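Taking it in order: structure first as structure tokens, then the write-up.
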Amino acid sequence: MKARVHITLKNGVLDPQGKAVQTALTGLGFGGVKDVRQGKFIEIELAETDKAAAQAAVEQMCKTLLANTVIENYQVELVG
């Protein structure tokens with residue numbers, strides 16, 4: 001089973017990387033870009049076959065290591 005984890009900054013948290021991308025896009029002539037927020041995408045291959053157990057394991061991975069839950073949100077998608 002595969003887990004896809006999307007991690008993004010919470011609303012209200014400053015995103016200097018996103019601002020840098022927005023500035024670069026504007027400089028390249030993409031004037032319609034109002035805001036950019038960047039994040040992380042992590043794909044994990046799991047040996048677990050039980051969907052509930054896999055979900056619980058990945059949730060724990062996010063809380064323990066993958067996401068800083070003070071400033072980041074995460075979303076887990078299980079495939080397979």
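Residue numbering restarts at 1 in every chain; chains get A, B, ... in the order shown in the structure tokens, and ligands count up from 1 in that same order.
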
ask   = Out of chain A, which residues get strand (DSSP E or B) from DSSP, as a PyMOL selection string?
value = chain A and resi 2-9+39-45+72-79

inquiry  = List as a PyMOL selection string the protein and nucleic acid residues near Val79 of chain A, meaning an atom at most 7 Å away when only C-alpha atoms are counted, but skip any in the same chain fewer than 5 places from it.
reply    = chain A and resi 1-3

How about saving the chosen residues, C-alpha atoms kept, as a PDB file, in the first residue's frame?
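Dumped to part_2.pdb:
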ATOM      1  CA  MET A   1       0.000   0.000   0.000  1.00  0.00           C
ATOM      2  CA  LYS A   2       1.207   3.496  -0.780  1.00  0.00           C
ATOM      3  CA  ALA A   3       0.636   6.623   1.295  1.00  0.00           C
TER       4      ALA A   3
END

Counting only C-alpha atoms, what is within 9 Å of Thr49 of chain A, bar same-chain residues fewer than 4 positions away, as a PDB file with N, CA and C atoms, in the first residue's frame?
ATOM      1  N   MET A   1       0.847  -1.168   0.000  1.00  0.00           N
ATOM      2  CA  MET A   1       0.000   0.000   0.000  1.00  0.00           C
ATOM      3  C   MET A   1       0.898   1.238   0.000  1.00  0.00           C
ATOM      4  N   ALA A  53      -4.993   0.369   9.755  1.00  0.00           N
ATOM      5  CA  ALA A  53      -3.680   0.312  10.398  1.00  0.00           C
ATOM      6  C   ALA A  53      -2.675   1.183   9.662  1.00  0.00           C
ATOM      7  N   ALA A  54      -2.746   1.177   8.336  1.00  0.00           N
ATOM      8  CA  ALA A  54      -1.848   2.015   7.538  1.00  0.00           C
ATOM      9  C   ALA A  54      -2.119   3.487   7.801  1.00  0.00           C
ATOM     10  N   GLY A  80      -4.117   1.881  -3.057  1.00  0.00           N
ATOM     11  CA  GLY A  80      -3.814   0.458  -3.181  1.00  0.00           C
ATOM     12  C   GLY A  80      -4.411  -0.390  -2.113  1.00  0.00           C
TER      13      GLY A  80
END

task = Once DSSP has gone over the backbone, tell me which residues of segment 22-53 of chain A are in helix (DSSP H, G or I), as JSON, numbers by chain.
result = {"A": [22, 23, 24, 25, 26, 27, 51, 52, 53]}

Go ahead and save the residues from that selection, with C-alpha atoms, as a tab-separated table (two decimals), in the first residue's frame.
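As a result, result-v6.tsv now contains:
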chain	number	residue	atom	x	y	z
A	22	GLN	CA	5.50	34.55	-6.62
A	23	THR	CA	8.06	37.32	-7.19
A	24	ALA	CA	9.96	35.17	-9.70
A	25	LEU	CA	6.78	34.29	-11.59
A	26	THR	CA	5.77	37.95	-11.74
A	27	GLY	CA	9.26	38.81	-12.98
A	51	LYS	CA	-6.16	0.35	5.49
A	52	ALA	CA	-7.05	1.45	9.04
A	53	ALA	CA	-3.68	0.31	10.40

Show which residues sit within 10 Å of segment 60-73 of chain A, as an mmCIF file with C-alpha atoms, in the first residue's frame. Count only C-alpha atoms, and ignore same-chain residues fewer than 6 positions away.
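Resulting contents of selection_29.cif:
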data_model
loop_
_atom_site.group_PDB
_atom_site.id
_atom_site.type_symbol
_atom_site.label_atom_id
_atom_site.label_comp_id
_atom_site.auth_asym_id
_atom_site.auth_seq_id
_atom_site.Cartn_x
_atom_site.Cartn_y
_atom_site.Cartn_z
ATOM 1 C CA VAL A 5 1.264 12.874 2.333
ATOM 2 C CA HIS A 6 0.679 16.526 1.422
ATOM 3 C CA ILE A 7 2.088 19.011 3.928
ATOM 4 C CA THR A 8 1.270 22.715 3.756
ATOM 5 C CA LEU A 9 1.750 25.705 6.004
ATOM 6 C CA LYS A 10 -1.270 26.692 8.060
ATOM 7 C CA ASN A 11 -3.142 29.847 7.100
ATOM 8 C CA GLY A 12 -1.538 32.881 8.712
ATOM 9 C CA VAL A 13 1.969 31.379 8.753
ATOM 10 C CA LEU A 14 4.388 33.419 6.661
ATOM 11 C CA GLY A 39 4.526 22.716 0.667
ATOM 12 C CA LYS A 40 5.921 19.206 0.686
ATOM 13 C CA ILE A 42 6.008 12.669 0.568
ATOM 14 C CA ALA A 54 -1.848 2.015 7.538
#

message = I need the residue nearest Val76 of chain A from this list: A:Val36, A:Pro16, A:Phe41, A:Ala47. Use only C-alpha atoms for the distance.
response =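 Looking at the shortest contact to Val76 of chain A, the residue is A:Phe41.
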
task = Just give me the gap between atom CA of Val21 of chain A and atom CA of Arg37 of chain A in Å, one decimal is fine.
result =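 The value is 8.7 Å.
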
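Atom pair atom CA of Gln38 of chain A / atom CA of Asp15 of chain A: separated by 7.4 Å.
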